[in-house]
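Engineer: Shown below is the structure under consideration.
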Amino acid sequence: FIDHIKYMVPGVTRVVLEGTQFPEPMDVHAGLSLGMLITGLYGMAKDIEYKGVGQPITAAIDHRVLTELTRIDYEWNSSYRIYLQMIHNNANSLQALTIKNLPTDTTIDLVCDEHGNTIVYPKMRHLKLDMDVIPIDDPRPTVAQGVPFPNLEQLIVLNRYPFGDNTLIRGNCKTLEYLDVYIDAETMLILMCNNYNCDGNPVGLRHLAISRDGYLYEDYIEMLSTYYQEMAPELETLSLDVYVSSEAIVPSITSIPQFKNIRILTLPNVSFDVFEVLQLVQELPLLSDMHTKLAGTSQYPEGIKKGKLPLHVYKNYYPASQNFKQLVMTSDTVYDAKGLAISAMLIAIACPNFTFVAMQDNILHEYNKHLKRMIKTGAYAKYADRLRSLIYEGM
């Protein structure tokens with residue numbers, strides 16, 4: 001049967017085994033046949049994924065023949081030791097590894113064998129660990145020496161950084177370009193102590209994403225600012241999935257030289273008024289996309305009446321940026337369609353290439369209606385040629 005499958009799909013590179021549950025105990029012959037089938041399928045590919053695979057299936061697979069794998073995507077379960085051995089057996093060939101619901105107390109087994117020796121993954125480029133949510137006070141393991149991931153390019157750690165030291169970011173400062181990590185006080189200190197300094201030169205991270213539950217207090221902002229200033233100016237995308245006031249985050253971002261080359265800025269839980277957006281756009285000259293909340297124009301500049309806003313923005317901000325093109329509204333906020341339309345027009349007046357605002361479908365009609373009305377008459381009509389590009393066509 002496997003030979004027929006190989007004949008039909010000779011170029012197969014990836015096999016996914018998902019949601020397969022069988023009653024226990026499984027019939028011996030059925031288990032052997034199923035094991036041979038699955039093992040044969042996996043033997044055709046170097047990229048395998050397990051999703052919700054039950055213990056009977058795990059036991060039926062001969063994992064010893066699965067060698068030279070380049071990718072494993074696995075959801076932690078009671079058969080972890082079997083999969084762990086398979087991961088170890090393929091340490092020299094693995095290029096990408098994803099583990100979901102990983103308990104912190106078993107993470108050290110990923111990088112150390114039973115004798116405590118460091119396991120090295122020389123070809124690993126992409127590592128994603130979706131950690132199981134555990135009490136924040138539980139101790140985190142440390143690895144005293146060794147570099148498990150010397151050539152890592154992308155590291156994603158969700159829910160909680162699993163080590164009490166820099167195990168995951170040790171020795172890969174020349175290759176790591178994408179870092180997505182959940183921070184708490186201990187993780188922040190680990191990042192700062194690691195200093196992201198590489199042979200005396202700042203590390204060239206291109207993509208940085210920081211997340212945290214709850215509010216980001218001033219001491220965290222100061223630590224993050226210190227951490228950012230150790231980076232090289234190659235950073236292109238910055239995502240801060242944290243709760244913080246716009247008054248605190250704007251000066252932090254605009255005062256750091258390493259952020260001057262940012263092209264995509266994501267602040268999904270920060271609410272900006274339109275003038276704070278324009279300030280960021282001015283200070284980040286390469287910024288093209290911003291993902292955030294927009295509070296509208298509730299705070300007008302002192303002495304400026306509502307009808308004079310377009311002229312004020314044009315005189316004081318144009319051209320704020322030639323590169324800023326789109327604003328994406330985070331979807332968990334109810335927006336005022338008219339206020340959003342006014343904000344979009346003011347940004348477009350200041351930024352000649354700004355043409356797009358992404359928002360929820362349920363306010364598109366009202367947003368379009370206000371845009372069309374205000375462009376035809378009043379203070380915005382003067383800029384009508386530029387502002388028409390903001391209208392969603394076909395509505």
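Order determines the names: the first chain of the structure tokens is A, the second B, and so forth; residues in each chain are numbered 1 upward, and ligands are numbered 1 upward as they are shown.
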Tell me which protein, DNA and RNA residues are within 10 Å of range 161-175 of chain A, counting only C-alpha atoms, leaving out same-chain ones fewer than 4 positions away, and put them as an mmCIF file with N, CA, C and O atoms, in the first residue's frame.
Structural biologist:
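Now in around_6.cif:
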data_model
loop_
_atom_site.group_PDB
_atom_site.id
_atom_site.type_symbol
_atom_site.label_atom_id
_atom_site.label_comp_id
_atom_site.auth_asym_id
_atom_site.auth_seq_id
_atom_site.Cartn_x
_atom_site.Cartn_y
_atom_site.Cartn_z
ATOM 1 N N LEU A 102 4.040 22.846 26.369
ATOM 2 C CA LEU A 102 5.240 22.259 26.962
ATOM 3 C C LEU A 102 5.382 22.693 28.419
ATOM 4 O O LEU A 102 5.496 23.889 28.715
ATOM 5 N N PRO A 103 5.399 21.744 29.377
ATOM 6 C CA PRO A 103 5.616 22.105 30.780
ATOM 7 C C PRO A 103 7.060 22.570 31.007
ATOM 8 O O PRO A 103 7.997 22.027 30.419
ATOM 9 N N THR A 104 7.223 23.571 31.849
ATOM 10 C CA THR A 104 8.552 24.116 32.085
ATOM 11 C C THR A 104 9.508 23.062 32.642
ATOM 12 O O THR A 104 10.687 23.028 32.285
ATOM 13 N N ASP A 105 9.009 22.166 33.505
ATOM 14 C CA ASP A 105 9.908 21.217 34.151
ATOM 15 C C ASP A 105 10.441 20.142 33.201
ATOM 16 O O ASP A 105 11.343 19.386 33.563
ATOM 17 N N THR A 106 9.907 20.066 31.997
ATOM 18 C CA THR A 106 10.443 19.100 31.032
ATOM 19 C C THR A 106 11.268 19.777 29.937
ATOM 20 O O THR A 106 11.859 19.096 29.105
ATOM 21 N N THR A 107 11.321 21.100 29.949
ATOM 22 C CA THR A 107 12.025 21.817 28.888
ATOM 23 C C THR A 107 13.505 21.510 28.883
ATOM 24 O O THR A 107 14.126 21.438 27.818
ATOM 25 N N ILE A 108 14.078 21.315 30.068
ATOM 26 C CA ILE A 108 15.520 21.055 30.130
ATOM 27 C C ILE A 108 15.883 19.760 29.408
ATOM 28 O O ILE A 108 16.989 19.611 28.897
ATOM 29 N N VAL A 111 17.258 20.062 25.846
ATOM 30 C CA VAL A 111 18.623 20.525 25.567
ATOM 31 C C VAL A 111 19.688 19.747 26.321
ATOM 32 O O VAL A 111 20.885 19.988 26.122
ATOM 33 N N ARG A 125 17.002 26.307 12.721
ATOM 34 C CA ARG A 125 16.811 27.703 12.346
ATOM 35 C C ARG A 125 15.582 28.319 13.020
ATOM 36 O O ARG A 125 15.594 29.500 13.347
ATOM 37 N N LEU A 127 12.664 27.823 16.107
ATOM 38 C CA LEU A 127 12.242 27.141 17.327
ATOM 39 C C LEU A 127 11.055 27.880 17.926
ATOM 40 O O LEU A 127 11.122 29.086 18.175
ATOM 41 N N LEU A 129 8.312 27.435 21.105
ATOM 42 C CA LEU A 129 7.892 26.732 22.311
ATOM 43 C C LEU A 129 6.661 27.430 22.874
ATOM 44 O O LEU A 129 6.743 28.576 23.324
ATOM 45 N N ASP A 130 5.529 26.750 22.821
ATOM 46 C CA ASP A 130 4.280 27.266 23.376
ATOM 47 C C ASP A 130 4.148 26.657 24.765
ATOM 48 O O ASP A 130 3.711 25.524 24.920
ATOM 49 N N MET A 131 4.569 27.419 25.771
ATOM 50 C CA MET A 131 4.683 26.874 27.110
ATOM 51 C C MET A 131 3.329 26.700 27.775
ATOM 52 O O MET A 131 2.410 27.506 27.592
ATOM 53 N N ASP A 132 3.216 25.629 28.561
ATOM 54 C CA ASP A 132 2.026 25.426 29.367
ATOM 55 C C ASP A 132 1.975 26.517 30.429
ATOM 56 O O ASP A 132 3.001 26.899 30.989
ATOM 57 N N PRO A 139 10.085 27.416 39.999
ATOM 58 C CA PRO A 139 11.482 27.624 39.579
ATOM 59 C C PRO A 139 11.703 27.218 38.124
ATOM 60 O O PRO A 139 11.070 26.289 37.623
ATOM 61 N N ARG A 140 12.625 27.906 37.474
ATOM 62 C CA ARG A 140 12.957 27.599 36.096
ATOM 63 C C ARG A 140 14.354 26.992 36.039
ATOM 64 O O ARG A 140 15.263 27.456 36.729
ATOM 65 N N PRO A 141 14.543 25.953 35.229
ATOM 66 C CA PRO A 141 15.847 25.285 35.174
ATOM 67 C C PRO A 141 16.906 26.161 34.516
ATOM 68 O O PRO A 141 16.591 27.106 33.780
ATOM 69 N N THR A 142 18.157 25.836 34.778
ATOM 70 C CA THR A 142 19.284 26.523 34.147
ATOM 71 C C THR A 142 20.212 25.494 33.528
ATOM 72 O O THR A 142 20.288 24.347 33.973
ATOM 73 N N VAL A 143 20.911 25.897 32.500
ATOM 74 C CA VAL A 143 21.906 25.054 31.834
ATOM 75 C C VAL A 143 23.232 25.800 31.907
ATOM 76 O O VAL A 143 23.392 26.853 31.293
ATOM 77 N N ALA A 144 24.160 25.258 32.672
ATOM 78 C CA ALA A 144 25.375 25.993 33.018
ATOM 79 C C ALA A 144 26.280 26.263 31.825
ATOM 80 O O ALA A 144 26.956 27.285 31.758
ATOM 81 N N GLN A 145 26.295 25.337 30.879
ATOM 82 C CA GLN A 145 27.232 25.509 29.769
ATOM 83 C C GLN A 145 26.650 24.893 28.498
ATOM 84 O O GLN A 145 25.633 24.232 28.515
ATOM 85 N N GLY A 146 27.341 25.146 27.397
ATOM 86 C CA GLY A 146 26.906 24.601 26.118
ATOM 87 C C GLY A 146 26.021 25.566 25.359
ATOM 88 O O GLY A 146 25.388 26.456 25.937
ATOM 89 N N VAL A 147 25.982 25.380 24.048
ATOM 90 C CA VAL A 147 25.176 26.214 23.160
ATOM 91 C C VAL A 147 24.260 25.284 22.359
ATOM 92 O O VAL A 147 24.671 24.737 21.328
ATOM 93 N N PRO A 148 23.027 25.075 22.806
ATOM 94 C CA PRO A 148 22.137 24.123 22.127
ATOM 95 C C PRO A 148 21.732 24.548 20.716
ATOM 96 O O PRO A 148 21.539 23.691 19.851
ATOM 97 N N PHE A 149 21.598 25.853 20.485
ATOM 98 C CA PHE A 149 21.061 26.332 19.198
ATOM 99 C C PHE A 149 22.001 27.384 18.606
ATOM 100 O O PHE A 149 21.674 28.576 18.569
ATOM 101 N N PRO A 150 23.144 26.974 18.100
ATOM 102 C CA PRO A 150 24.162 27.944 17.666
ATOM 103 C C PRO A 150 23.809 28.726 16.412
ATOM 104 O O PRO A 150 24.401 29.783 16.162
ATOM 105 N N ASN A 151 22.855 28.231 15.610
ATOM 106 C CA ASN A 151 22.528 28.894 14.346
ATOM 107 C C ASN A 151 21.063 29.302 14.251
ATOM 108 O O ASN A 151 20.525 29.468 13.152
ATOM 109 N N LEU A 152 20.449 29.503 15.396
ATOM 110 C CA LEU A 152 19.030 29.837 15.425
ATOM 111 C C LEU A 152 18.768 31.196 14.774
ATOM 112 O O LEU A 152 19.484 32.165 15.013
ATOM 113 N N GLU A 153 17.728 31.231 13.929
ATOM 114 C CA GLU A 153 17.334 32.480 13.258
ATOM 115 C C GLU A 153 16.030 33.042 13.808
ATOM 116 O O GLU A 153 15.844 34.262 13.827
ATOM 117 N N GLN A 154 15.126 32.162 14.241
ATOM 118 C CA GLN A 154 13.822 32.597 14.736
ATOM 119 C C GLN A 154 13.503 31.869 16.033
ATOM 120 O O GLN A 154 13.533 30.642 16.089
ATOM 121 N N LEU A 155 13.201 32.648 17.085
ATOM 122 C CA LEU A 155 12.827 32.068 18.377
ATOM 123 C C LEU A 155 11.508 32.680 18.819
ATOM 124 O O LEU A 155 11.377 33.897 18.942
ATOM 125 N N ILE A 156 10.517 31.809 19.065
ATOM 126 C CA ILE A 156 9.215 32.231 19.565
ATOM 127 C C ILE A 156 8.938 31.466 20.856
ATOM 128 O O ILE A 156 8.941 30.231 20.868
ATOM 129 N N VAL A 157 8.723 32.198 21.944
ATOM 130 C CA VAL A 157 8.403 31.585 23.233
ATOM 131 C C VAL A 157 7.112 32.210 23.743
ATOM 132 O O VAL A 157 7.086 33.397 24.089
ATOM 133 N N LEU A 179 12.907 37.520 17.252
ATOM 134 C CA LEU A 179 12.708 37.118 18.644
ATOM 135 C C LEU A 179 11.313 37.536 19.082
ATOM 136 O O LEU A 179 10.956 38.714 19.022
ATOM 137 N N VAL A 181 9.032 36.940 22.465
ATOM 138 C CA VAL A 181 9.143 36.362 23.806
ATOM 139 C C VAL A 181 8.188 37.054 24.761
ATOM 140 O O VAL A 181 7.948 38.266 24.672
ATOM 141 N N TYR A 182 7.636 36.253 25.669
ATOM 142 C CA TYR A 182 6.814 36.781 26.754
ATOM 143 C C TYR A 182 7.743 37.211 27.875
ATOM 144 O O TYR A 182 8.622 36.465 28.287
ATOM 145 N N ILE A 183 7.559 38.428 28.383
ATOM 146 C CA ILE A 183 8.479 38.915 29.412
ATOM 147 C C ILE A 183 7.819 39.024 30.772
ATOM 148 O O ILE A 183 6.649 39.349 30.904
ATOM 149 N N ASP A 184 8.607 38.695 31.789
ATOM 150 C CA ASP A 184 8.331 39.055 33.168
ATOM 151 C C ASP A 184 9.645 39.618 33.693
ATOM 152 O O ASP A 184 10.598 39.810 32.932
ATOM 153 N N GLU A 186 12.050 38.388 35.514
ATOM 154 C CA GLU A 186 13.218 37.518 35.391
ATOM 155 C C GLU A 186 13.689 37.434 33.939
ATOM 156 O O GLU A 186 14.889 37.507 33.651
ATOM 157 N N THR A 187 12.749 37.308 33.017
ATOM 158 C CA THR A 187 13.113 37.236 31.605
ATOM 159 C C THR A 187 13.742 38.538 31.131
ATOM 160 O O THR A 187 14.705 38.536 30.355
ATOM 161 N N MET A 188 13.197 39.657 31.611
ATOM 162 C CA MET A 188 13.752 40.948 31.226
ATOM 163 C C MET A 188 15.207 41.065 31.661
ATOM 164 O O MET A 188 16.069 41.536 30.910
ATOM 165 N N LEU A 189 15.513 40.594 32.866
ATOM 166 C CA LEU A 189 16.893 40.642 33.368
ATOM 167 C C LEU A 189 17.794 39.708 32.561
ATOM 168 O O LEU A 189 18.958 40.026 32.307
ATOM 169 N N ILE A 190 17.257 38.550 32.163
ATOM 170 C CA ILE A 190 18.040 37.615 31.340
ATOM 171 C C ILE A 190 18.417 38.267 30.016
ATOM 172 O O ILE A 190 19.563 38.204 29.577
ATOM 173 N N LEU A 191 17.443 38.924 29.381
ATOM 174 C CA LEU A 191 17.720 39.597 28.114
ATOM 175 C C LEU A 191 18.760 40.697 28.296
ATOM 176 O O LEU A 191 19.678 40.848 27.484
ATOM 177 N N CYS A 193 21.020 41.011 30.765
ATOM 178 C CA CYS A 193 22.332 40.469 31.132
ATOM 179 C C CYS A 193 23.014 39.826 29.928
ATOM 180 O O CYS A 193 24.230 39.897 29.770
ATOM 181 N N ASN A 194 22.217 39.186 29.077
ATOM 182 C CA ASN A 194 22.786 38.643 27.846
ATOM 183 C C ASN A 194 23.283 39.790 26.963
ATOM 184 O O ASN A 194 24.188 39.636 26.159
ATOM 185 N N TYR A 196 22.536 41.183 24.528
ATOM 186 C CA TYR A 196 22.458 41.101 23.082
ATOM 187 C C TYR A 196 23.635 41.780 22.415
ATOM 188 O O TYR A 196 23.512 42.479 21.447
ATOM 189 N N ASN A 197 24.801 41.543 23.003
ATOM 190 C CA ASN A 197 26.030 42.104 22.460
ATOM 191 C C ASN A 197 26.862 40.965 21.899
ATOM 192 O O ASN A 197 27.049 39.953 22.558
ATOM 193 N N CYS A 198 27.322 41.108 20.698
ATOM 194 C CA CYS A 198 27.964 40.000 19.982
ATOM 195 C C CYS A 198 29.395 40.378 19.599
ATOM 196 O O CYS A 198 29.594 41.197 18.698
ATOM 197 N N ASP A 199 30.358 39.819 20.308
ATOM 198 C CA ASP A 199 31.773 40.120 20.032
ATOM 199 C C ASP A 199 32.035 41.625 20.008
ATOM 200 O O ASP A 199 32.750 42.148 19.161
ATOM 201 N N ASN A 201 29.891 43.918 19.289
ATOM 202 C CA ASN A 201 28.993 44.626 18.371
ATOM 203 C C ASN A 201 27.541 44.317 18.726
ATOM 204 O O ASN A 201 27.226 43.204 19.136
ATOM 205 N N PRO A 202 26.644 45.274 18.542
ATOM 206 C CA PRO A 202 25.231 45.015 18.832
ATOM 207 C C PRO A 202 24.673 43.931 17.921
ATOM 208 O O PRO A 202 25.075 43.796 16.772
ATOM 209 N N VAL A 203 23.767 43.154 18.469
ATOM 210 C CA VAL A 203 23.139 42.087 17.695
ATOM 211 C C VAL A 203 22.182 42.671 16.665
ATOM 212 O O VAL A 203 21.483 43.643 16.920
ATOM 213 N N GLY A 204 22.154 42.049 15.491
ATOM 214 C CA GLY A 204 21.342 42.577 14.394
ATOM 215 C C GLY A 204 19.965 41.989 14.304
ATOM 216 O O GLY A 204 19.581 41.496 13.239
ATOM 217 N N LEU A 205 19.191 41.990 15.403
ATOM 218 C CA LEU A 205 17.803 41.551 15.320
ATOM 219 C C LEU A 205 17.038 42.415 14.319
ATOM 220 O O LEU A 205 17.168 43.632 14.315
#
Engineer: Taking only C-alpha atoms into account, which of A:Leu267, A:Ala320, A:Leu311, A:Ala358 comes nearest Ala381 in chain A?
Structural biologist: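 Result for the nearest residue to Ala381 in chain A: A:Leu311.
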Engineer: I want to know what sits within 7 Å of range 91-96 of chain A, based on only C-alpha atoms, with residues of the same chain fewer than 6 positions away left out; could you give that as a list in words?
Structural biologist: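 These residues fall inside the cut-off: Glu68, Leu69, Thr70, Arg71, Ile72, Val120, Tyr121, Pro122, Lys123, Met124, Arg125, His126 and Leu127 of chain A.
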Engineer: Atoms to include: all heavy atoms. Write the selected residues as an mmCIF file, in the first residue's frame.
Structural biologist:
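Saved result, selection36.cif, follows:
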data_model
loop_
_atom_site.group_PDB
_atom_site.id
_atom_site.type_symbol
_atom_site.label_atom_id
_atom_site.label_comp_id
_atom_site.auth_asym_id
_atom_site.auth_seq_id
_atom_site.Cartn_x
_atom_site.Cartn_y
_atom_site.Cartn_z
ATOM 1 N N GLU A 68 16.926 11.738 10.004
ATOM 2 C CA GLU A 68 17.207 12.833 9.074
ATOM 3 C C GLU A 68 15.988 13.730 8.866
ATOM 4 O O GLU A 68 15.819 14.337 7.804
ATOM 5 C CB GLU A 68 17.690 12.284 7.719
ATOM 6 C CG GLU A 68 18.983 11.488 7.803
ATOM 7 C CD GLU A 68 20.134 12.317 8.357
ATOM 8 O OE1 GLU A 68 20.280 13.473 7.932
ATOM 9 O OE2 GLU A 68 20.865 11.802 9.217
ATOM 10 N N LEU A 69 15.143 13.837 9.895
ATOM 11 C CA LEU A 69 13.992 14.729 9.806
ATOM 12 C C LEU A 69 14.457 16.180 9.862
ATOM 13 O O LEU A 69 15.413 16.519 10.554
ATOM 14 C CB LEU A 69 13.006 14.464 10.948
ATOM 15 C CG LEU A 69 12.374 13.068 11.001
ATOM 16 C CD1 LEU A 69 11.478 12.945 12.226
ATOM 17 C CD2 LEU A 69 11.583 12.787 9.733
ATOM 18 N N THR A 70 13.758 17.046 9.135
ATOM 19 C CA THR A 70 14.125 18.464 9.137
ATOM 20 C C THR A 70 13.151 19.321 9.933
ATOM 21 O O THR A 70 13.488 20.436 10.330
ATOM 22 C CB THR A 70 14.182 19.007 7.695
ATOM 23 O OG1 THR A 70 12.906 18.827 7.069
ATOM 24 C CG2 THR A 70 15.259 18.289 6.901
ATOM 25 N N ARG A 71 11.947 18.799 10.185
ATOM 26 C CA ARG A 71 10.953 19.578 10.934
ATOM 27 C C ARG A 71 10.065 18.651 11.745
ATOM 28 O O ARG A 71 9.626 17.601 11.246
ATOM 29 C CB ARG A 71 10.102 20.415 9.978
ATOM 30 C CG ARG A 71 8.929 21.137 10.662
ATOM 31 C CD ARG A 71 8.058 21.838 9.655
ATOM 32 N NE ARG A 71 6.830 22.302 10.284
ATOM 33 C CZ ARG A 71 6.411 23.568 10.299
ATOM 34 N NH1 ARG A 71 7.130 24.492 9.703
ATOM 35 N NH2 ARG A 71 5.290 23.896 10.873
ATOM 36 N N ILE A 72 9.784 19.041 12.985
ATOM 37 C CA ILE A 72 8.842 18.321 13.828
ATOM 38 C C ILE A 72 7.916 19.335 14.481
ATOM 39 O O ILE A 72 8.365 20.335 15.043
ATOM 40 C CB ILE A 72 9.556 17.491 14.922
ATOM 41 C CG1 ILE A 72 10.434 16.407 14.290
ATOM 42 C CG2 ILE A 72 8.536 16.866 15.872
ATOM 43 C CD1 ILE A 72 11.250 15.620 15.291
ATOM 44 N N VAL A 120 23.150 19.478 21.103
ATOM 45 C CA VAL A 120 23.318 20.582 20.161
ATOM 46 C C VAL A 120 22.504 20.304 18.903
ATOM 47 O O VAL A 120 22.523 19.191 18.368
ATOM 48 C CB VAL A 120 24.799 20.784 19.797
ATOM 49 C CG1 VAL A 120 24.956 21.930 18.795
ATOM 50 C CG2 VAL A 120 25.606 21.068 21.063
ATOM 51 N N TYR A 121 21.797 21.338 18.445
ATOM 52 C CA TYR A 121 21.004 21.275 17.220
ATOM 53 C C TYR A 121 21.681 22.213 16.203
ATOM 54 O O TYR A 121 21.275 23.365 16.062
ATOM 55 C CB TYR A 121 19.574 21.707 17.490
ATOM 56 C CG TYR A 121 18.841 20.845 18.494
ATOM 57 C CD1 TYR A 121 19.030 21.027 19.865
ATOM 58 C CD2 TYR A 121 17.968 19.850 18.075
ATOM 59 C CE1 TYR A 121 18.354 20.240 20.790
ATOM 60 C CE2 TYR A 121 17.288 19.057 18.982
ATOM 61 C CZ TYR A 121 17.496 19.256 20.350
ATOM 62 O OH TYR A 121 16.823 18.464 21.263
ATOM 63 N N PRO A 122 22.677 21.734 15.484
ATOM 64 C CA PRO A 122 23.510 22.623 14.660
ATOM 65 C C PRO A 122 22.791 23.263 13.477
ATOM 66 O O PRO A 122 23.205 24.320 13.005
ATOM 67 C CB PRO A 122 24.647 21.720 14.193
ATOM 68 C CG PRO A 122 24.073 20.330 14.230
ATOM 69 C CD PRO A 122 23.148 20.337 15.407
ATOM 70 N N LYS A 123 21.706 22.615 12.983
ATOM 71 C CA LYS A 123 21.004 23.151 11.812
ATOM 72 C C LYS A 123 19.680 23.812 12.155
ATOM 73 O O LYS A 123 18.978 24.284 11.258
ATOM 74 C CB LYS A 123 20.760 22.028 10.792
ATOM 75 C CG LYS A 123 22.047 21.450 10.208
ATOM 76 C CD LYS A 123 21.738 20.387 9.163
ATOM 77 C CE LYS A 123 23.022 19.833 8.555
ATOM 78 N NZ LYS A 123 22.729 18.785 7.544
ATOM 79 N N MET A 124 19.348 23.870 13.445
ATOM 80 C CA MET A 124 18.070 24.433 13.846
ATOM 81 C C MET A 124 18.015 25.920 13.513
ATOM 82 O O MET A 124 18.853 26.708 13.944
ATOM 83 C CB MET A 124 17.852 24.239 15.346
ATOM 84 C CG MET A 124 16.484 24.693 15.830
ATOM 85 S SD MET A 124 15.185 23.490 15.454
ATOM 86 C CE MET A 124 15.574 22.219 16.657
ATOM 87 N N ARG A 125 17.002 26.307 12.721
ATOM 88 C CA ARG A 125 16.811 27.703 12.346
ATOM 89 C C ARG A 125 15.582 28.319 13.020
ATOM 90 O O ARG A 125 15.594 29.500 13.347
ATOM 91 C CB ARG A 125 16.632 27.819 10.815
ATOM 92 C CG ARG A 125 17.829 27.315 10.014
ATOM 93 C CD ARG A 125 19.034 28.237 10.154
ATOM 94 N NE ARG A 125 20.139 27.826 9.294
ATOM 95 C CZ ARG A 125 21.126 27.032 9.668
ATOM 96 N NH1 ARG A 125 21.160 26.566 10.919
ATOM 97 N NH2 ARG A 125 22.096 26.707 8.843
ATOM 98 N N HIS A 126 14.546 27.483 13.230
ATOM 99 C CA HIS A 126 13.281 28.001 13.759
ATOM 100 C C HIS A 126 12.857 27.158 14.962
ATOM 101 O O HIS A 126 12.686 25.952 14.843
ATOM 102 C CB HIS A 126 12.192 27.951 12.688
ATOM 103 C CG HIS A 126 12.569 28.659 11.423
ATOM 104 N ND1 HIS A 126 12.487 30.023 11.277
ATOM 105 C CD2 HIS A 126 13.061 28.186 10.250
ATOM 106 C CE1 HIS A 126 12.906 30.364 10.071
ATOM 107 N NE2 HIS A 126 13.258 29.268 9.432
ATOM 108 N N LEU A 127 12.664 27.823 16.107
ATOM 109 C CA LEU A 127 12.242 27.141 17.327
ATOM 110 C C LEU A 127 11.055 27.880 17.926
ATOM 111 O O LEU A 127 11.122 29.086 18.175
ATOM 112 C CB LEU A 127 13.397 27.104 18.342
ATOM 113 C CG LEU A 127 13.072 26.490 19.714
ATOM 114 C CD1 LEU A 127 12.694 25.020 19.562
ATOM 115 C CD2 LEU A 127 14.253 26.649 20.666
#
Engineer: Of the candidates A:Lys305, A:Arg14, A:His365, A:His291, which one gets nearest to Asp336 in chain A if we count only C-alpha atoms?
Structural biologist: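 Closest to Asp336 in chain A, using only C-alpha atoms: A:His365.
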Engineer: Just the residues within 10 Å of Asn368 in chain A, please, counting only C-alpha atoms, with nothing from its chain fewer than 2 positions along; format it as a list in words.
Structural biologist: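 Contacts, with the query itself left out: Ala337, Lys338, Ala341, Ile363, Leu364, His365, Glu366, His370, Leu371, Lys372, Arg373, Leu390, Ile391, Tyr392, Glu393 and Met395 of chain A.
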Engineer: Those same residues, written as a tab-separated table (two decimals), in the first residue's frame with C-alpha atoms?
Structural biologist:
chain	number	residue	atom	x	y	z
A	337	ALA	CA	-16.85	55.66	12.36
A	338	LYS	CA	-16.93	59.43	12.02
A	341	ALA	CA	-12.80	58.94	9.14
A	363	ILE	CA	-18.30	50.12	10.56
A	364	LEU	CA	-17.09	50.24	6.95
A	365	HIS	CA	-20.39	51.55	5.60
A	366	GLU	CA	-20.60	54.39	8.14
A	370	HIS	CA	-18.70	60.15	6.53
A	371	LEU	CA	-15.65	60.22	4.25
A	372	LYS	CA	-17.68	60.93	1.13
A	373	ARG	CA	-19.73	63.63	2.83
A	390	LEU	CA	-9.28	56.29	1.61
A	391	ILE	CA	-12.76	55.34	0.40
A	392	TYR	CA	-13.56	51.62	0.26
A	393	GLU	CA	-14.73	50.99	-3.28
A	395	MET	CA	-19.75	50.20	-0.90
Engineer: Near Asp241 in chain A, within 8 Å and counting only C-alpha atoms, which residues show up once chain neighbours fewer than 6 positions away are dropped, as a VMD selection string?
Structural biologist: chain A and resid 209 to 212 266 to 269
Engineer: As JSON, numbers by chain, please: every residue in range 153-312 of chain A that DSSP puts in strand (DSSP E).
Structural biologist: {"A": [154, 155, 156, 157, 158, 178, 179, 180, 181, 182, 197, 198, 201, 202, 207, 208, 209, 210, 211, 212, 213, 214, 215, 237, 238, 239, 240, 241, 242, 243, 264, 265, 266, 267, 268, 269, 270, 271, 272, 273, 289, 290, 291, 292, 293, 294, 295, 296]}
Engineer: As a PyMOL selection string, list the residues of range 95-259 of chain A assigned to alpha helix (DSSP H) by DSSP on the backbone atoms of this structure.
Structural biologist: chain A and resi 104-111+185-194+218-228+246-254
Engineer: Suppose we keep C-alpha atoms; can you now write the selection as an mmCIF file, in the first residue's frame?
Structural biologist:
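Writing the result to out_9.cif gives the following:
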data_model
loop_
_atom_site.group_PDB
_atom_site.id
_atom_site.type_symbol
_atom_site.label_atom_id
_atom_site.label_comp_id
_atom_site.auth_asym_id
_atom_site.auth_seq_id
_atom_site.Cartn_x
_atom_site.Cartn_y
_atom_site.Cartn_z
ATOM 1 C CA THR A 104 8.552 24.116 32.085
ATOM 2 C CA ASP A 105 9.908 21.217 34.151
ATOM 3 C CA THR A 106 10.443 19.100 31.032
ATOM 4 C CA THR A 107 12.025 21.817 28.888
ATOM 5 C CA ILE A 108 15.520 21.055 30.130
ATOM 6 C CA ASP A 109 15.189 17.546 28.636
ATOM 7 C CA LEU A 110 15.075 19.186 25.233
ATOM 8 C CA VAL A 111 18.623 20.525 25.567
ATOM 9 C CA ALA A 185 10.911 40.554 35.505
ATOM 10 C CA GLU A 186 13.218 37.518 35.391
ATOM 11 C CA THR A 187 13.113 37.236 31.605
ATOM 12 C CA MET A 188 13.752 40.948 31.226
ATOM 13 C CA LEU A 189 16.893 40.642 33.368
ATOM 14 C CA ILE A 190 18.040 37.615 31.340
ATOM 15 C CA LEU A 191 17.720 39.597 28.114
ATOM 16 C CA MET A 192 19.550 42.563 29.599
ATOM 17 C CA CYS A 193 22.332 40.469 31.132
ATOM 18 C CA ASN A 194 22.786 38.643 27.846
ATOM 19 C CA GLU A 218 7.462 52.415 34.204
ATOM 20 C CA ASP A 219 10.348 50.242 35.430
ATOM 21 C CA TYR A 220 9.694 47.790 32.597
ATOM 22 C CA ILE A 221 9.664 50.614 30.068
ATOM 23 C CA GLU A 222 13.025 51.813 31.372
ATOM 24 C CA MET A 223 14.493 48.301 31.195
ATOM 25 C CA LEU A 224 13.147 47.785 27.683
ATOM 26 C CA SER A 225 14.618 51.108 26.615
ATOM 27 C CA THR A 226 18.018 50.071 27.958
ATOM 28 C CA TYR A 227 17.720 46.709 26.222
ATOM 29 C CA TYR A 228 16.758 48.273 22.880
ATOM 30 C CA SER A 246 0.508 56.285 24.836
ATOM 31 C CA GLU A 247 2.042 59.074 26.935
ATOM 32 C CA ALA A 248 4.632 56.614 28.246
ATOM 33 C CA ILE A 249 5.402 54.672 25.075
ATOM 34 C CA VAL A 250 5.711 57.489 22.514
ATOM 35 C CA PRO A 251 8.771 59.175 24.086
ATOM 36 C CA SER A 252 10.319 55.783 24.749
ATOM 37 C CA ILE A 253 10.078 54.784 21.092
ATOM 38 C CA THR A 254 11.000 58.137 19.574
#
